[in-house]
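Novice: Got a structure for you, written out below as structure tokens; questions coming shortly.
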Amino acid sequence: MTTIQLKTGSHDQLIDITADVRKVIKDSNIKNGICVVYTPHTTAAITINENADPDVITDMITGLNSLGFEKLPFRHMEGNSPSHLKSSLIGCSEQIIVENGTPVLGTWQGVFFCEFDGPRNRKVFITLTGK
Amino acid sequence: MTTIQLKTGSHDQLIDITADVRKVIKDSNIKNGICVVYTPHTTAAITINENADPDVITDMITGLNSLGFEKLPFRHMEGNSPSHLKSSLIGCSEQIIVENGTPVLGTWQGVFFCEFDGPRNRKVFITLTGK
Amino acid sequence: MTTIQLKTGSHDQLIDITADVRKVIKDSNIKNGICVVYTPHTTAAITINENADPDVITDMITGLNSLGFEKLPFRHMEGNSPSHLKSSLIGCSEQIIVENGTPVLGTWQGVFFCEFDGPRNRKVFITLTGK
């Protein structure tokens with residue numbers, strides 16, 4: 001298991017970690033299998049989406065914030081229940097198929113760490129199964 | 001594969017199954033790999049989120065119900081389309097990295113069974129790959 | 001890894017690919033493990049939900065469209081940011097437990113390819129780990 005350290009800079013932010021994922025896969029001895037990308041935080045997530053036009057991830061944040069979670073009468077005293085909700089809706093992990101030592105991502109797909117309660121120091125765990 | 005039986009008590013309810021997941025991992029012979037937690041129901045889900053303050057999961061239910069699915073003119077005769085939607089938005093499985101025979105969960109992370117159409121008797125399947 | 005080719009017929013459409021998944025599992029030599037179903041597109045997704053009453057998947061599309069993403073002032077010039085959002089909310093992959101050479105799906109569960117920006121030609125990748 002490899003740990004990636006991230007420092008996020010704003011409350012909501014998607015950070016492209018595709019290069020890190022590719023490097024961990026390359027450095028492992030796994031040629032064919034599954035790569036799991038996992039974040040151990042409850043107000044963050046991992047997603048796979050377009051990394052060609054940066055407007056896509058800006059729009060993703062706009063869309064999630066449009067759901068109106070910030071206006072709800074939540075009970076959790078820390079006040080970050082909308083961040084927990086976004087985390088569970090997007091999910092804290094992704095899996096990627098590995099073939100011939102490379103991730104089988106689509107042409108436009110990149111892997112993103114999603115910050116929903118930043119800025120913070122964050123971690124991402126990457127591991128592989130296969131042979 | 002291990003099957004966990006659950007009896008839910010209300011229409012929407014998140015039940016912490018982290019202890020069950022830990023036990024299945026401990027009882028297996030897998031030291032390093034991936035643990036998959038899967039529910040075979042179409043109006044339930046599995047998520048990973050904070051299990052320290054119980055208000056977080058209450059707020060999670062409040063947030064999902066605020067999306068207004070209950071007011072839509074759905075066609076499915078059983079009347080539980082909002083439950084099916086929540087199931088697909090949260091997802092019916094999670095994967096957890098296993099190292100040295102223990103799940104690599106974050107400090108605040110717990111694994112939850114999500115009931116969206118209870119009360120009912122429910123099942124969760126837990127299995128591991130690795131060695 | 002097996003590739004399934006799909007041709008979608010409308011902007012939003014869920015296509016039942018359970019039979020394809022079953023066939024790939026049967027044709028592999030894996031008896032016990034995990035099957036990963038992954039789509040390499042950024043405006044599509046994979047979900048597991050009811051495939052008995054077709055109204056359920058119609059309602060799923062109605063529900064996702066009710067979130068109001070189409071009305072937001074998005075920046076991405078292609079105009080399909082709502083499709084990218086739906087892709088990340090549902091997720092581009094699912095995992096299914098395999099036992100004795102068959103997928104451990106619930107009675108009402110089917111595996112669906114989700115088109116959110118069709119009609120298009122699409123691909124789904126299916127692979128297995130285990131033995």
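Following the order of the structure tokens, first chain is A, next is B, and so on, with residues numbered from 1 inside each chain and ligands from 1 in the order they appear.
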Please give the complete set of residues from stretch 2-129 of chain A that DSSP, run on the backbone, assigns to strand (DSSP E), formatted as a PyMOL selection string.
Specialist: chain A and resi 2-7+13-16+33-38+44-50+93-99+102-103+109-115+121-129
Novice: Return the neighbours of chain A among the residues of chain C, cut-off 7 Å, counting only C-alpha atoms, as a VMD selection string.
Specialist: chain C and resid 40 to 42 69 74 to 76 81 85 88 to 89 129
Novice: Could you write out that same residue set with N, CA, C and O atoms as a PDB file, in the first residue's frame?
Specialist:
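As a result, part-v7.pdb now contains:
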```
ATOM      1  N   PRO C  40     -15.396   3.143 -19.272  1.00  0.00           N
ATOM      2  CA  PRO C  40     -14.324   4.135 -19.409  1.00  0.00           C
ATOM      3  C   PRO C  40     -14.791   5.508 -19.882  1.00  0.00           C
ATOM      4  O   PRO C  40     -13.990   6.281 -20.389  1.00  0.00           O
ATOM      5  N   HIS C  41     -16.076   5.809 -19.697  1.00  0.00           N
ATOM      6  CA  HIS C  41     -16.622   7.083 -20.167  1.00  0.00           C
ATOM      7  C   HIS C  41     -16.918   8.028 -18.995  1.00  0.00           C
ATOM      8  O   HIS C  41     -17.229   7.571 -17.902  1.00  0.00           O
ATOM      9  N   THR C  42     -16.842   9.341 -19.248  1.00  0.00           N
ATOM     10  CA  THR C  42     -17.021  10.322 -18.169  1.00  0.00           C
ATOM     11  C   THR C  42     -18.443  10.888 -18.104  1.00  0.00           C
ATOM     12  O   THR C  42     -18.733  11.747 -17.273  1.00  0.00           O
ATOM     13  N   PHE C  69     -29.821  19.888 -12.270  1.00  0.00           N
ATOM     14  CA  PHE C  69     -28.490  20.232 -12.799  1.00  0.00           C
ATOM     15  C   PHE C  69     -28.580  20.981 -14.135  1.00  0.00           C
ATOM     16  O   PHE C  69     -27.727  21.804 -14.448  1.00  0.00           O
ATOM     17  N   PHE C  74     -23.348  26.425 -15.855  1.00  0.00           N
ATOM     18  CA  PHE C  74     -22.080  25.707 -15.911  1.00  0.00           C
ATOM     19  C   PHE C  74     -21.110  26.363 -16.877  1.00  0.00           C
ATOM     20  O   PHE C  74     -21.507  27.066 -17.811  1.00  0.00           O
ATOM     21  N   ARG C  75     -19.825  26.087 -16.690  1.00  0.00           N
ATOM     22  CA  ARG C  75     -18.773  26.698 -17.506  1.00  0.00           C
ATOM     23  C   ARG C  75     -18.302  25.820 -18.656  1.00  0.00           C
ATOM     24  O   ARG C  75     -17.839  26.318 -19.680  1.00  0.00           O
ATOM     25  N   HIS C  76     -18.372  24.484 -18.467  1.00  0.00           N
ATOM     26  CA  HIS C  76     -17.883  23.541 -19.481  1.00  0.00           C
ATOM     27  C   HIS C  76     -18.622  23.759 -20.802  1.00  0.00           C
ATOM     28  O   HIS C  76     -19.844  23.641 -20.874  1.00  0.00           O
ATOM     29  N   SER C  81     -22.304  19.163 -18.571  1.00  0.00           N
ATOM     30  CA  SER C  81     -21.885  19.024 -17.173  1.00  0.00           C
ATOM     31  C   SER C  81     -22.869  18.211 -16.332  1.00  0.00           C
ATOM     32  O   SER C  81     -22.433  17.445 -15.465  1.00  0.00           O
ATOM     33  N   LEU C  85     -21.811  15.086 -13.863  1.00  0.00           N
ATOM     34  CA  LEU C  85     -22.236  15.003 -12.461  1.00  0.00           C
ATOM     35  C   LEU C  85     -22.932  13.685 -12.152  1.00  0.00           C
ATOM     36  O   LEU C  85     -22.636  13.025 -11.151  1.00  0.00           O
ATOM     37  N   SER C  88     -20.423  10.836 -11.848  1.00  0.00           N
ATOM     38  CA  SER C  88     -19.689  10.739 -10.582  1.00  0.00           C
ATOM     39  C   SER C  88     -20.595  10.379  -9.404  1.00  0.00           C
ATOM     40  O   SER C  88     -20.156   9.748  -8.453  1.00  0.00           O
ATOM     41  N   LEU C  89     -21.856  10.786  -9.465  1.00  0.00           N
ATOM     42  CA  LEU C  89     -22.782  10.436  -8.372  1.00  0.00           C
ATOM     43  C   LEU C  89     -23.093   8.943  -8.375  1.00  0.00           C
ATOM     44  O   LEU C  89     -23.164   8.313  -7.323  1.00  0.00           O
ATOM     45  N   THR C 129     -10.932 -11.058 -10.490  1.00  0.00           N
ATOM     46  CA  THR C 129      -9.778 -11.491  -9.704  1.00  0.00           C
ATOM     47  C   THR C 129     -10.258 -12.645  -8.831  1.00  0.00           C
ATOM     48  O   THR C 129     -11.432 -12.730  -8.494  1.00  0.00           O
TER      49      THR C 129
END
```
Novice: Using only C-alpha atoms, can you tell me which of C:Cys92, C:Asn121, C:His84, C:Val21 comes closest to C:Tyr38?
Specialist: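 Smallest distance to C:Tyr38 is found for C:Cys92.
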Novice: Can you list, as a short mmCIF file (atom, residue, chain, number, x, y, z; two decimals) with all heavy atoms, in the first residue's frame, every protein, DNA or RNA residue that comes within 8 Å of C:Thr18 when you count only C-alpha atoms, leaving out same-chain residues fewer than 2 positions away?
Specialist:
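The resulting part_4.cif:
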```cif
data_model
loop_
_atom_site.label_atom_id
_atom_site.label_comp_id
_atom_site.auth_asym_id
_atom_site.auth_seq_id
_atom_site.Cartn_x
_atom_site.Cartn_y
_atom_site.Cartn_z
N ASP C 16 -29.70 -3.04 -19.21
CA ASP C 16 -29.43 -4.23 -18.39
C ASP C 16 -28.31 -5.06 -19.04
O ASP C 16 -28.50 -5.58 -20.15
CB ASP C 16 -30.71 -5.06 -18.25
CG ASP C 16 -30.58 -6.17 -17.22
OD1 ASP C 16 -29.44 -6.56 -16.89
OD2 ASP C 16 -31.63 -6.66 -16.76
N ASP C 20 -24.57 -10.32 -19.87
CA ASP C 20 -23.17 -10.20 -20.30
C ASP C 20 -22.23 -10.50 -19.15
O ASP C 20 -21.22 -11.20 -19.31
CB ASP C 20 -22.89 -8.79 -20.84
CG ASP C 20 -23.77 -8.42 -22.02
OD1 ASP C 20 -23.51 -8.95 -23.12
OD2 ASP C 20 -24.72 -7.65 -21.85
N VAL C 21 -22.54 -9.93 -17.99
CA VAL C 21 -21.70 -10.14 -16.81
C VAL C 21 -21.66 -11.63 -16.44
O VAL C 21 -20.60 -12.20 -16.20
CB VAL C 21 -22.20 -9.29 -15.62
CG1 VAL C 21 -21.44 -9.62 -14.34
CG2 VAL C 21 -22.08 -7.80 -15.95
N ARG C 22 -22.83 -12.26 -16.44
CA ARG C 22 -22.91 -13.69 -16.12
C ARG C 22 -22.07 -14.53 -17.09
O ARG C 22 -21.38 -15.46 -16.69
CB ARG C 22 -24.36 -14.19 -16.18
CG ARG C 22 -25.20 -13.78 -15.01
CD ARG C 22 -26.57 -14.50 -15.03
NE ARG C 22 -27.46 -13.91 -14.04
CZ ARG C 22 -27.41 -14.16 -12.74
NH1 ARG C 22 -26.53 -15.01 -12.26
NH2 ARG C 22 -28.24 -13.56 -11.90
N GLY C 110 -29.98 -6.42 -10.82
CA GLY C 110 -29.38 -6.55 -12.14
C GLY C 110 -28.28 -5.52 -12.26
O GLY C 110 -28.25 -4.54 -11.51
N VAL C 111 -27.37 -5.72 -13.22
CA VAL C 111 -26.28 -4.77 -13.45
C VAL C 111 -26.65 -3.91 -14.66
O VAL C 111 -27.06 -4.44 -15.71
CB VAL C 111 -24.95 -5.50 -13.71
CG1 VAL C 111 -23.79 -4.50 -13.79
CG2 VAL C 111 -24.69 -6.57 -12.65
N PHE C 112 -26.55 -2.59 -14.51
CA PHE C 112 -26.97 -1.68 -15.57
C PHE C 112 -25.83 -0.76 -16.03
O PHE C 112 -25.09 -0.21 -15.21
CB PHE C 112 -28.11 -0.77 -15.10
CG PHE C 112 -29.40 -1.49 -14.87
CD1 PHE C 112 -29.70 -2.03 -13.62
CD2 PHE C 112 -30.31 -1.66 -15.90
CE1 PHE C 112 -30.89 -2.70 -13.40
CE2 PHE C 112 -31.50 -2.34 -15.69
CZ PHE C 112 -31.79 -2.87 -14.44
#
```
Novice: Which residues are close to B:Val24, i.e. within 12 Å by only C-alpha atoms, leaving aside same-chain residues fewer than 6 positions away? Reply as a list of chain:residue names.
Specialist: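 My reading of the contact set: B:Met1, B:Thr2, B:Thr3, B:Ile4, B:Ile17, B:Thr18, B:Ile30, B:Lys31, B:Cys35, B:Val36, B:Val37, B:Val98, B:Gly101, B:Thr102, B:Pro103, B:Val124, B:Phe125, B:Ile126, B:Thr127, B:Leu128.
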Novice: Identify which of the residues C:Leu6, C:Asn100, C:Asn65, C:Ala52 lies closest to B:Glu78, counting only C-alpha atoms when measuring atom-to-atom distances.
Specialist: C:Ala52
Novice: Please give the complete set of residues from chain B that DSSP, run on the backbone, assigns to alpha helix (DSSP H), formatted as a PyMOL selection string.
Specialist: chain B and resi 18-27+55-65+81-90
